[in-house]
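Shown below: my_file.json, with JSON, N, CA and C atoms.
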```json
[["chain", "number", "residue", "atom", "x", "y", "z"],
["A", 1, "MET", "N", -66.15, -111.83, 23.68],
["A", 1, "MET", "CA", -67.10, -111.36, 24.66],
["A", 1, "MET", "C", -68.42, -111.12, 23.96],
["A", 2, "SER", "N", -69.48, -111.70, 24.48],
["A", 2, "SER", "CA", -70.79, -111.52, 23.86],
["A", 2, "SER", "C", -71.45, -110.26, 24.37],
["A", 3, "ASN", "N", -72.43, -109.80, 23.62],
["A", 3, "ASN", "CA", -73.16, -108.59, 24.01],
["A", 3, "ASN", "C", -74.01, -108.83, 25.25],
["A", 4, "GLU", "N", -74.43, -110.06, 25.47],
["A", 4, "GLU", "CA", -75.27, -110.35, 26.63],
["A", 4, "GLU", "C", -74.53, -110.09, 27.94],
["A", 5, "ALA", "N", -73.21, -110.23, 27.94],
["A", 5, "ALA", "CA", -72.45, -110.00, 29.16],
["A", 5, "ALA", "C", -72.37, -108.51, 29.49],
["A", 6, "LEU", "N", -72.61, -107.64, 28.51],
["A", 6, "LEU", "CA", -72.51, -106.21, 28.74],
["A", 6, "LEU", "C", -73.83, -105.58, 29.18],
["A", 7, "ILE", "N", -74.93, -106.30, 29.03],
["A", 7, "ILE", "CA", -76.25, -105.75, 29.35],
["A", 7, "ILE", "C", -76.64, -106.16, 30.76],
["A", 8, "PRO", "N", -76.92, -105.18, 31.64],
["A", 8, "PRO", "CA", -77.35, -105.52, 33.00],
["A", 8, "PRO", "C", -78.67, -106.27, 32.98],
["A", 9, "VAL", "N", -78.82, -107.21, 33.92],
["A", 9, "VAL", "CA", -79.99, -108.07, 33.92],
["A", 9, "VAL", "C", -81.07, -107.54, 34.87],
["A", 10, "GLY", "N", -80.73, -107.30, 36.11],
["A", 10, "GLY", "CA", -81.72, -106.93, 37.11],
["A", 10, "GLY", "C", -81.95, -105.43, 37.20],
["A", 11, "ALA", "N", -82.91, -105.07, 38.06],
["A", 11, "ALA", "CA", -83.24, -103.66, 38.24],
["A", 11, "ALA", "C", -82.10, -102.90, 38.91],
["A", 12, "ALA", "N", -81.43, -103.54, 39.87],
["A", 12, "ALA", "CA", -80.32, -102.89, 40.55],
["A", 12, "ALA", "C", -79.16, -102.66, 39.60],
["A", 13, "GLU", "N", -78.89, -103.65, 38.76],
["A", 13, "GLU", "CA", -77.81, -103.49, 37.79],
["A", 13, "GLU", "C", -78.15, -102.41, 36.77],
["A", 14, "GLY", "N", -79.43, -102.34, 36.39],
["A", 14, "GLY", "CA", -79.86, -101.31, 35.45],
["A", 14, "GLY", "C", -79.71, -99.91, 36.04],
["A", 15, "ALA", "N", -80.01, -99.78, 37.33],
["A", 15, "ALA", "CA", -79.87, -98.48, 37.98],
["A", 15, "ALA", "C", -78.40, -98.07, 38.05],
["A", 16, "VAL", "N", -77.54, -99.02, 38.36],
["A", 16, "VAL", "CA", -76.10, -98.72, 38.41],
["A", 16, "VAL", "C", -75.61, -98.35, 37.02],
["A", 17, "PHE", "N", -76.04, -99.09, 36.01],
["A", 17, "PHE", "CA", -75.63, -98.82, 34.63],
["A", 17, "PHE", "C", -76.06, -97.41, 34.21],
["A", 18, "ARG", "N", -77.31, -97.04, 34.51],
["A", 18, "ARG", "CA", -77.79, -95.69, 34.16],
["A", 18, "ARG", "C", -77.01, -94.62, 34.89],
["A", 19, "ARG", "N", -76.71, -94.85, 36.16],
["A", 19, "ARG", "CA", -75.95, -93.85, 36.93],
["A", 19, "ARG", "C", -74.54, -93.68, 36.36],
["A", 20, "VAL", "N", -73.90, -94.79, 36.01],
["A", 20, "VAL", "CA", -72.56, -94.71, 35.42],
["A", 20, "VAL", "C", -72.61, -93.98, 34.08],
["A", 21, "VAL", "N", -73.60, -94.31, 33.26],
["A", 21, "VAL", "CA", -73.71, -93.65, 31.95],
["A", 21, "VAL", "C", -73.93, -92.16, 32.13],
["A", 22, "TRP", "N", -74.81, -91.76, 33.03],
["A", 22, "TRP", "CA", -75.07, -90.33, 33.23],
["A", 22, "TRP", "C", -73.87, -89.60, 33.82],
["A", 23, "ARG", "N", -73.04, -90.29, 34.55],
["A", 23, "ARG", "CA", -71.83, -89.66, 35.08],
["A", 23, "ARG", "C", -70.73, -89.57, 34.04],
["A", 24, "LEU", "N", -70.64, -90.56, 33.16],
["A", 24, "LEU", "CA", -69.58, -90.60, 32.16],
["A", 24, "LEU", "C", -69.86, -89.76, 30.92],
["A", 25, "MET", "N", -71.11, -89.65, 30.52],
["A", 25, "MET", "CA", -71.43, -88.96, 29.28],
["A", 25, "MET", "C", -70.96, -87.51, 29.24],
["A", 26, "PRO", "N", -71.15, -86.71, 30.27],
["A", 26, "PRO", "CA", -70.62, -85.33, 30.20],
["A", 26, "PRO", "C", -69.10, -85.30, 30.04],
["A", 27, "PHE", "N", -68.40, -86.17, 30.76],
["A", 27, "PHE", "CA", -66.95, -86.22, 30.64],
["A", 27, "PHE", "C", -66.52, -86.64, 29.24],
["A", 28, "LEU", "N", -67.18, -87.66, 28.69],
["A", 28, "LEU", "CA", -66.84, -88.12, 27.35],
["A", 28, "LEU", "C", -67.16, -87.07, 26.30],
["A", 29, "PHE", "N", -68.23, -86.31, 26.50],
["A", 29, "PHE", "CA", -68.56, -85.23, 25.58],
["A", 29, "PHE", "C", -67.49, -84.14, 25.62],
["A", 30, "ILE", "N", -67.02, -83.80, 26.80],
["A", 30, "ILE", "CA", -65.95, -82.81, 26.93],
["A", 30, "ILE", "C", -64.68, -83.32, 26.25],
["A", 31, "CYS", "N", -64.38, -84.61, 26.41],
["A", 31, "CYS", "CA", -63.22, -85.18, 25.72],
["A", 31, "CYS", "C", -63.38, -85.09, 24.21],
["A", 32, "LEU", "N", -64.59, -85.32, 23.71],
["A", 32, "LEU", "CA", -64.85, -85.21, 22.28],
["A", 32, "LEU", "C", -64.65, -83.78, 21.79],
["A", 33, "VAL", "N", -65.10, -82.81, 22.56],
["A", 33, "VAL", "CA", -64.92, -81.41, 22.17],
["A", 33, "VAL", "C", -63.44, -81.05, 22.13],
["A", 34, "PHE", "N", -62.67, -81.48, 23.12],
["A", 34, "PHE", "CA", -61.23, -81.20, 23.12],
["A", 34, "PHE", "C", -60.54, -81.90, 21.94],
["A", 35, "ASN", "N", -60.98, -83.10, 21.60],
["A", 35, "ASN", "CA", -60.42, -83.80, 20.45],
["A", 35, "ASN", "C", -60.69, -83.01, 19.18],
["A", 36, "TRP", "N", -61.90, -82.51, 19.02],
["A", 36, "TRP", "CA", -62.25, -81.71, 17.85],
["A", 36, "TRP", "C", -61.42, -80.42, 17.81],
["A", 37, "LEU", "N", -61.28, -79.77, 18.95],
["A", 37, "LEU", "CA", -60.48, -78.54, 19.00],
["A", 37, "LEU", "C", -59.03, -78.81, 18.62],
["A", 38, "ASP", "N", -58.51, -79.94, 19.04],
["A", 38, "ASP", "CA", -57.14, -80.29, 18.70],
["A", 38, "ASP", "C", -56.97, -80.47, 17.20],
["A", 39, "ARG", "N", -57.94, -81.09, 16.57],
["A", 39, "ARG", "CA", -57.86, -81.30, 15.12],
["A", 39, "ARG", "C", -58.05, -80.00, 14.36],
["A", 40, "VAL", "N", -58.90, -79.11, 14.87],
["A", 40, "VAL", "CA", -59.13, -77.83, 14.21],
["A", 40, "VAL", "C", -57.91, -76.92, 14.38],
["A", 41, "ALA", "N", -57.18, -77.11, 15.45],
["A", 41, "ALA", "CA", -56.01, -76.27, 15.72],
["A", 41, "ALA", "C", -54.95, -76.40, 14.63],
["A", 42, "VAL", "N", -54.94, -77.52, 13.91],
["A", 42, "VAL", "CA", -53.97, -77.71, 12.83],
["A", 42, "VAL", "C", -54.19, -76.65, 11.75],
["A", 43, "SER", "N", -55.44, -76.37, 11.42],
["A", 43, "SER", "CA", -55.70, -75.37, 10.38],
["A", 43, "SER", "C", -55.35, -73.97, 10.86],
["A", 44, "PHE", "N", -55.58, -73.68, 12.13],
["A", 44, "PHE", "CA", -55.19, -72.38, 12.65],
["A", 44, "PHE", "C", -53.67, -72.25, 12.72],
["A", 45, "ALA", "N", -53.00, -73.34, 12.99],
["A", 45, "ALA", "CA", -51.53, -73.31, 13.01],
["A", 45, "ALA", "C", -50.99, -73.00, 11.62],
["A", 46, "HIS", "N", -51.65, -73.49, 10.59],
["A", 46, "HIS", "CA", -51.21, -73.19, 9.22],
["A", 46, "HIS", "C", -51.30, -71.69, 8.95],
["A", 47, "LEU", "N", -52.34, -71.05, 9.46],
["A", 47, "LEU", "CA", -52.47, -69.61, 9.27],
["A", 47, "LEU", "C", -51.33, -68.86, 9.93],
["A", 48, "GLN", "N", -50.86, -69.36, 11.06],
["A", 48, "GLN", "CA", -49.84, -68.66, 11.83],
["A", 48, "GLN", "C", -48.43, -68.89, 11.28],
["A", 49, "PHE", "N", -48.07, -70.12, 11.01],
["A", 49, "PHE", "CA", -46.68, -70.38, 10.63],
["A", 49, "PHE", "C", -46.52, -70.98, 9.24],
["A", 50, "GLY", "N", -47.56, -70.97, 8.43],
["A", 50, "GLY", "CA", -47.47, -71.50, 7.08],
["A", 50, "GLY", "C", -46.46, -70.73, 6.23],
["A", 51, "ALA", "N", -46.46, -69.41, 6.36],
["A", 51, "ALA", "CA", -45.51, -68.61, 5.59],
["A", 51, "ALA", "C", -44.09, -68.80, 6.11],
["A", 52, "ASP", "N", -43.94, -69.00, 7.40],
["A", 52, "ASP", "CA", -42.60, -69.20, 7.97],
["A", 52, "ASP", "C", -41.97, -70.50, 7.48],
["A", 53, "LEU", "N", -42.79, -71.52, 7.24],
["A", 53, "LEU", "CA", -42.27, -72.81, 6.78],
["A", 53, "LEU", "C", -42.10, -72.87, 5.27],
["A", 54, "HIS", "N", -42.65, -71.89, 4.58],
["A", 54, "HIS", "CA", -42.56, -71.82, 3.11],
["A", 54, "HIS", "C", -43.14, -73.06, 2.44],
["A", 55, "ILE", "N", -44.34, -73.46, 2.90],
["A", 55, "ILE", "CA", -45.02, -74.57, 2.24],
["A", 55, "ILE", "C", -46.31, -74.04, 1.63],
["A", 56, "SER", "N", -46.69, -74.61, 0.51],
["A", 56, "SER", "CA", -47.91, -74.18, -0.18],
["A", 56, "SER", "C", -49.14, -74.78, 0.50],
["A", 57, "ASP", "N", -50.29, -74.27, 0.10],
["A", 57, "ASP", "CA", -51.53, -74.83, 0.64],
["A", 57, "ASP", "C", -51.70, -76.29, 0.23],
["A", 58, "THR", "N", -51.25, -76.63, -0.97],
["A", 58, "THR", "CA", -51.34, -78.01, -1.44],
["A", 58, "THR", "C", -50.47, -78.94, -0.60],
["A", 59, "ALA", "N", -49.26, -78.51, -0.32],
["A", 59, "ALA", "CA", -48.36, -79.34, 0.49],
["A", 59, "ALA", "C", -48.89, -79.47, 1.91],
["A", 60, "PHE", "N", -49.45, -78.40, 2.44],
["A", 60, "PHE", "CA", -50.02, -78.47, 3.78],
["A", 60, "PHE", "C", -51.21, -79.42, 3.81],
["A", 61, "GLY", "N", -52.09, -79.33, 2.80],
["A", 61, "GLY", "CA", -53.24, -80.22, 2.73],
["A", 61, "GLY", "C", -52.84, -81.67, 2.61],
["A", 62, "LEU", "N", -51.80, -81.92, 1.81],
["A", 62, "LEU", "CA", -51.31, -83.29, 1.67],
["A", 62, "LEU", "C", -50.75, -83.81, 3.00],
["A", 63, "SER", "N", -49.98, -82.98, 3.69],
["A", 63, "SER", "CA", -49.40, -83.42, 4.96],
["A", 63, "SER", "C", -50.47, -83.67, 6.01],
["A", 64, "VAL", "N", -51.48, -82.82, 6.08],
["A", 64, "VAL", "CA", -52.56, -83.04, 7.04],
["A", 64, "VAL", "C", -53.37, -84.28, 6.66],
["A", 65, "GLY", "N", -53.59, -84.48, 5.36],
["A", 65, "GLY", "CA", -54.31, -85.68, 4.92],
["A", 65, "GLY", "C", -53.55, -86.95, 5.25],
["A", 66, "LEU", "N", -52.24, -86.95, 5.04],
["A", 66, "LEU", "CA", -51.43, -88.13, 5.38],
["A", 66, "LEU", "C", -51.43, -88.37, 6.88],
["A", 67, "PHE", "N", -51.35, -87.30, 7.66],
["A", 67, "PHE", "CA", -51.40, -87.44, 9.11],
["A", 67, "PHE", "C", -52.73, -88.04, 9.54],
["A", 68, "SER", "N", -53.83, -87.54, 8.98],
["A", 68, "SER", "CA", -55.15, -88.05, 9.36],
["A", 68, "SER", "C", -55.33, -89.49, 8.93],
["A", 69, "ALA", "N", -54.85, -89.84, 7.74],
["A", 69, "ALA", "CA", -54.96, -91.23, 7.27],
["A", 69, "ALA", "C", -54.13, -92.15, 8.16],
["A", 70, "GLY", "N", -52.92, -91.72, 8.51],
["A", 70, "GLY", "CA", -52.08, -92.53, 9.40],
["A", 70, "GLY", "C", -52.70, -92.67, 10.78],
["A", 71, "TYR", "N", -53.29, -91.60, 11.27],
["A", 71, "TYR", "CA", -53.97, -91.65, 12.56],
["A", 71, "TYR", "C", -55.11, -92.65, 12.53],
["A", 72, "LEU", "N", -55.91, -92.62, 11.46],
["A", 72, "LEU", "CA", -57.03, -93.53, 11.33],
["A", 72, "LEU", "C", -56.56, -94.97, 11.19],
["A", 73, "LEU", "N", -55.53, -95.19, 10.40],
["A", 73, "LEU", "CA", -55.03, -96.55, 10.20],
["A", 73, "LEU", "C", -54.44, -97.15, 11.47],
["A", 74, "CYS", "N", -53.90, -96.31, 12.34],
["A", 74, "CYS", "CA", -53.32, -96.82, 13.60],
["A", 74, "CYS", "C", -54.34, -96.85, 14.73],
["A", 75, "GLU", "N", -55.35, -96.01, 14.66],
["A", 75, "GLU", "CA", -56.31, -95.92, 15.75],
["A", 75, "GLU", "C", -57.16, -97.18, 15.87],
["A", 76, "ILE", "N", -57.68, -97.66, 14.78],
["A", 76, "ILE", "CA", -58.57, -98.82, 14.83],
["A", 76, "ILE", "C", -57.84, -100.08, 15.29],
["A", 77, "PRO", "N", -56.66, -100.43, 14.71],
["A", 77, "PRO", "CA", -55.98, -101.63, 15.21],
["A", 77, "PRO", "C", -55.55, -101.51, 16.68],
["A", 78, "SER", "N", -55.15, -100.33, 17.11],
["A", 78, "SER", "CA", -54.74, -100.20, 18.50],
["A", 78, "SER", "C", -55.92, -100.42, 19.45],
["A", 79, "ASN", "N", -57.10, -99.96, 19.06],
["A", 79, "ASN", "CA", -58.28, -100.20, 19.89],
["A", 79, "ASN", "C", -58.67, -101.66, 19.90],
["A", 80, "LEU", "N", -58.49, -102.34, 18.78],
["A", 80, "LEU", "CA", -58.77, -103.77, 18.74],
["A", 80, "LEU", "C", -57.79, -104.55, 19.62],
["A", 81, "VAL", "N", -56.53, -104.15, 19.61],
["A", 81, "VAL", "CA", -55.53, -104.79, 20.47],
["A", 81, "VAL", "C", -55.87, -104.56, 21.94],
["A", 82, "MET", "N", -56.25, -103.34, 22.28],
["A", 82, "MET", "CA", -56.61, -103.04, 23.68],
["A", 82, "MET", "C", -57.83, -103.84, 24.11],
["A", 83, "GLU", "N", -58.79, -104.03, 23.20],
["A", 83, "GLU", "CA", -59.98, -104.80, 23.56],
["A", 83, "GLU", "C", -59.64, -106.27, 23.75],
["A", 84, "ARG", "N", -58.74, -106.77, 22.92],
["A", 84, "ARG", "CA", -58.42, -108.20, 23.01],
["A", 84, "ARG", "C", -57.53, -108.52, 24.21],
["A", 85, "TRP", "N", -56.46, -107.77, 24.40],
["A", 85, "TRP", "CA", -55.49, -108.10, 25.44],
["A", 85, "TRP", "C", -55.57, -107.19, 26.65],
["A", 86, "GLY", "N", -56.31, -106.12, 26.56],
["A", 86, "GLY", "CA", -56.44, -105.22, 27.69],
["A", 86, "GLY", "C", -55.19, -104.41, 27.93],
["A", 87, "HIS", "N", -55.10, -103.84, 29.08],
["A", 87, "HIS", "CA", -53.92, -103.06, 29.43],
["A", 87, "HIS", "C", -53.54, -103.38, 30.87],
["A", 88, "GLU", "N", -52.31, -103.12, 31.17],
["A", 88, "GLU", "CA", -51.84, -103.33, 32.54],
["A", 88, "GLU", "C", -51.78, -101.99, 33.26],
["A", 89, "GLU", "N", -52.17, -102.02, 34.49],
["A", 89, "GLU", "CA", -52.05, -100.81, 35.30],
["A", 89, "GLU", "C", -50.58, -100.53, 35.57],
["A", 90, "PRO", "N", -50.16, -99.30, 35.43],
["A", 90, "PRO", "CA", -48.75, -99.01, 35.72],
["A", 90, "PRO", "C", -48.46, -99.18, 37.21],
["A", 91, "SER", "N", -47.32, -99.73, 37.49],
["A", 91, "SER", "CA", -46.97, -99.92, 38.88],
["A", 91, "SER", "C", -46.51, -98.59, 39.48],
["A", 92, "PRO", "N", -46.76, -98.36, 40.75],
["A", 92, "PRO", "CA", -46.33, -97.11, 41.37],
["A", 92, "PRO", "C", -44.81, -96.98, 41.33],
["A", 93, "GLY", "N", -44.34, -95.81, 41.01],
["A", 93, "GLY", "CA", -42.91, -95.55, 40.99],
["A", 93, "GLY", "C", -42.25, -95.87, 39.68],
["A", 94, "SER", "N", -43.03, -96.28, 38.67],
["A", 94, "SER", "CA", -42.38, -96.57, 37.38],
["A", 94, "SER", "C", -42.69, -95.51, 36.36]]
```
Show me the file's structure as structure tokens.
Amino acid sequence: MSNEALIPVGAAEGAVFRRVVWRLMPFLFICLVFNWLDRVAVSFAHLQFGADLHISDTAFGLSVGLFSAGYLLCEIPSNLVMERWGHEEPSPGS
């Protein structure tokens, strides 16, 4: 897919594009904030149950680092697959 297909050509298309962007940006920003809060929650969880699990700070850091690296390694290819083949809408009742 070329970039030219994503850019609106006429004034009406430009107005629709701007309206969609202005409607989506607040929602996407809220999603970004929740994503950040979810990632920060891991460190707060360590404060709460780190002693209960009997793991050191080094072991916790290693486990969070491995989780983040695995997340990054799987996130990019999955987005590329979704861009290439798309997704199917789930059928009602399934």
**OP:** State, in Å with one decimal place, the distance from atom N of Phe44 in chain A to CA of Thr58 in chain A.
**Re:**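 Computing it gives 14.9 Å between the two atoms.
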Original post:
What is the distance, in Å and to one decimal place, between CA of Ala45 in chain A and CA of Phe60 in chain A?
Top reply: 10.7 Å
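Atom pair CA of Val64 in chain A / CA of Ser43 in chain A has a distance of 8.9 Å (rounded to one decimal).
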Original post:
Which residues in chain A does DSSP call helix (DSSP H, G or I)? List them as a PyMOL selection string.
Top reply: chain A and resi 3-5+11-53+57-85
Mind filling out range 33-56 of chain A with N, CA, C and O atoms and sending it as an mmCIF file, in the coordinates of the input?
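What landed in selection13.cif:
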```cif
data_model
loop_
_atom_site.group_PDB
_atom_site.id
_atom_site.type_symbol
_atom_site.label_atom_id
_atom_site.label_comp_id
_atom_site.auth_asym_id
_atom_site.auth_seq_id
_atom_site.Cartn_x
_atom_site.Cartn_y
_atom_site.Cartn_z
ATOM 1 N N VAL A 33 -65.100 -82.810 22.560
ATOM 2 C CA VAL A 33 -64.920 -81.410 22.170
ATOM 3 C C VAL A 33 -63.440 -81.050 22.130
ATOM 4 O O VAL A 33 -62.982 -80.394 21.189
ATOM 5 N N PHE A 34 -62.670 -81.480 23.120
ATOM 6 C CA PHE A 34 -61.230 -81.200 23.120
ATOM 7 C C PHE A 34 -60.540 -81.900 21.940
ATOM 8 O O PHE A 34 -59.617 -81.343 21.354
ATOM 9 N N ASN A 35 -60.980 -83.100 21.600
ATOM 10 C CA ASN A 35 -60.420 -83.800 20.450
ATOM 11 C C ASN A 35 -60.690 -83.010 19.180
ATOM 12 O O ASN A 35 -59.812 -82.849 18.333
ATOM 13 N N TRP A 36 -61.900 -82.510 19.020
ATOM 14 C CA TRP A 36 -62.250 -81.710 17.850
ATOM 15 C C TRP A 36 -61.420 -80.420 17.810
ATOM 16 O O TRP A 36 -60.909 -80.048 16.754
ATOM 17 N N LEU A 37 -61.280 -79.770 18.950
ATOM 18 C CA LEU A 37 -60.480 -78.540 19.000
ATOM 19 C C LEU A 37 -59.030 -78.810 18.620
ATOM 20 O O LEU A 37 -58.399 -77.988 17.954
ATOM 21 N N ASP A 38 -58.510 -79.940 19.040
ATOM 22 C CA ASP A 38 -57.140 -80.290 18.700
ATOM 23 C C ASP A 38 -56.970 -80.470 17.200
ATOM 24 O O ASP A 38 -56.002 -80.007 16.611
ATOM 25 N N ARG A 39 -57.940 -81.090 16.570
ATOM 26 C CA ARG A 39 -57.860 -81.300 15.120
ATOM 27 C C ARG A 39 -58.050 -80.000 14.360
ATOM 28 O O ARG A 39 -57.448 -79.784 13.311
ATOM 29 N N VAL A 40 -58.900 -79.110 14.870
ATOM 30 C CA VAL A 40 -59.130 -77.830 14.210
ATOM 31 C C VAL A 40 -57.910 -76.920 14.380
ATOM 32 O O VAL A 40 -57.616 -76.087 13.519
ATOM 33 N N ALA A 41 -57.180 -77.110 15.450
ATOM 34 C CA ALA A 41 -56.010 -76.270 15.720
ATOM 35 C C ALA A 41 -54.950 -76.400 14.630
ATOM 36 O O ALA A 41 -54.162 -75.477 14.421
ATOM 37 N N VAL A 42 -54.940 -77.520 13.910
ATOM 38 C CA VAL A 42 -53.970 -77.710 12.830
ATOM 39 C C VAL A 42 -54.190 -76.650 11.750
ATOM 40 O O VAL A 42 -53.234 -76.066 11.232
ATOM 41 N N SER A 43 -55.440 -76.370 11.420
ATOM 42 C CA SER A 43 -55.700 -75.370 10.380
ATOM 43 C C SER A 43 -55.350 -73.970 10.860
ATOM 44 O O SER A 43 -54.844 -73.149 10.087
ATOM 45 N N PHE A 44 -55.580 -73.680 12.130
ATOM 46 C CA PHE A 44 -55.190 -72.380 12.650
ATOM 47 C C PHE A 44 -53.670 -72.250 12.720
ATOM 48 O O PHE A 44 -53.124 -71.163 12.522
ATOM 49 N N ALA A 45 -53.000 -73.340 12.990
ATOM 50 C CA ALA A 45 -51.530 -73.310 13.010
ATOM 51 C C ALA A 45 -50.990 -73.000 11.620
ATOM 52 O O ALA A 45 -49.995 -72.268 11.490
ATOM 53 N N HIS A 46 -51.650 -73.490 10.590
ATOM 54 C CA HIS A 46 -51.210 -73.190 9.220
ATOM 55 C C HIS A 46 -51.300 -71.690 8.950
ATOM 56 O O HIS A 46 -50.438 -71.121 8.279
ATOM 57 N N LEU A 47 -52.340 -71.050 9.460
ATOM 58 C CA LEU A 47 -52.470 -69.610 9.270
ATOM 59 C C LEU A 47 -51.330 -68.860 9.930
ATOM 60 O O LEU A 47 -50.875 -67.829 9.432
ATOM 61 N N GLN A 48 -50.860 -69.360 11.060
ATOM 62 C CA GLN A 48 -49.840 -68.660 11.830
ATOM 63 C C GLN A 48 -48.430 -68.890 11.280
ATOM 64 O O GLN A 48 -47.677 -67.949 11.129
ATOM 65 N N PHE A 49 -48.070 -70.120 11.010
ATOM 66 C CA PHE A 49 -46.680 -70.380 10.630
ATOM 67 C C PHE A 49 -46.520 -70.980 9.240
ATOM 68 O O PHE A 49 -45.439 -71.421 8.877
ATOM 69 N N GLY A 50 -47.560 -70.970 8.430
ATOM 70 C CA GLY A 50 -47.470 -71.500 7.080
ATOM 71 C C GLY A 50 -46.460 -70.730 6.230
ATOM 72 O O GLY A 50 -45.686 -71.318 5.473
ATOM 73 N N ALA A 51 -46.460 -69.410 6.360
ATOM 74 C CA ALA A 51 -45.510 -68.610 5.590
ATOM 75 C C ALA A 51 -44.090 -68.800 6.110
ATOM 76 O O ALA A 51 -43.131 -68.780 5.318
ATOM 77 N N ASP A 52 -43.940 -69.000 7.400
ATOM 78 C CA ASP A 52 -42.600 -69.200 7.970
ATOM 79 C C ASP A 52 -41.970 -70.500 7.480
ATOM 80 O O ASP A 52 -40.748 -70.579 7.321
ATOM 81 N N LEU A 53 -42.790 -71.520 7.240
ATOM 82 C CA LEU A 53 -42.270 -72.810 6.780
ATOM 83 C C LEU A 53 -42.100 -72.870 5.270
ATOM 84 O O LEU A 53 -41.513 -73.817 4.756
ATOM 85 N N HIS A 54 -42.650 -71.890 4.580
ATOM 86 C CA HIS A 54 -42.560 -71.820 3.110
ATOM 87 C C HIS A 54 -43.140 -73.060 2.440
ATOM 88 O O HIS A 54 -42.531 -73.659 1.564
ATOM 89 N N ILE A 55 -44.340 -73.460 2.900
ATOM 90 C CA ILE A 55 -45.020 -74.570 2.240
ATOM 91 C C ILE A 55 -46.310 -74.040 1.630
ATOM 92 O O ILE A 55 -46.952 -73.130 2.167
ATOM 93 N N SER A 56 -46.690 -74.610 0.510
ATOM 94 C CA SER A 56 -47.910 -74.180 -0.180
ATOM 95 C C SER A 56 -49.140 -74.780 0.500
ATOM 96 O O SER A 56 -49.030 -75.688 1.341
#
```
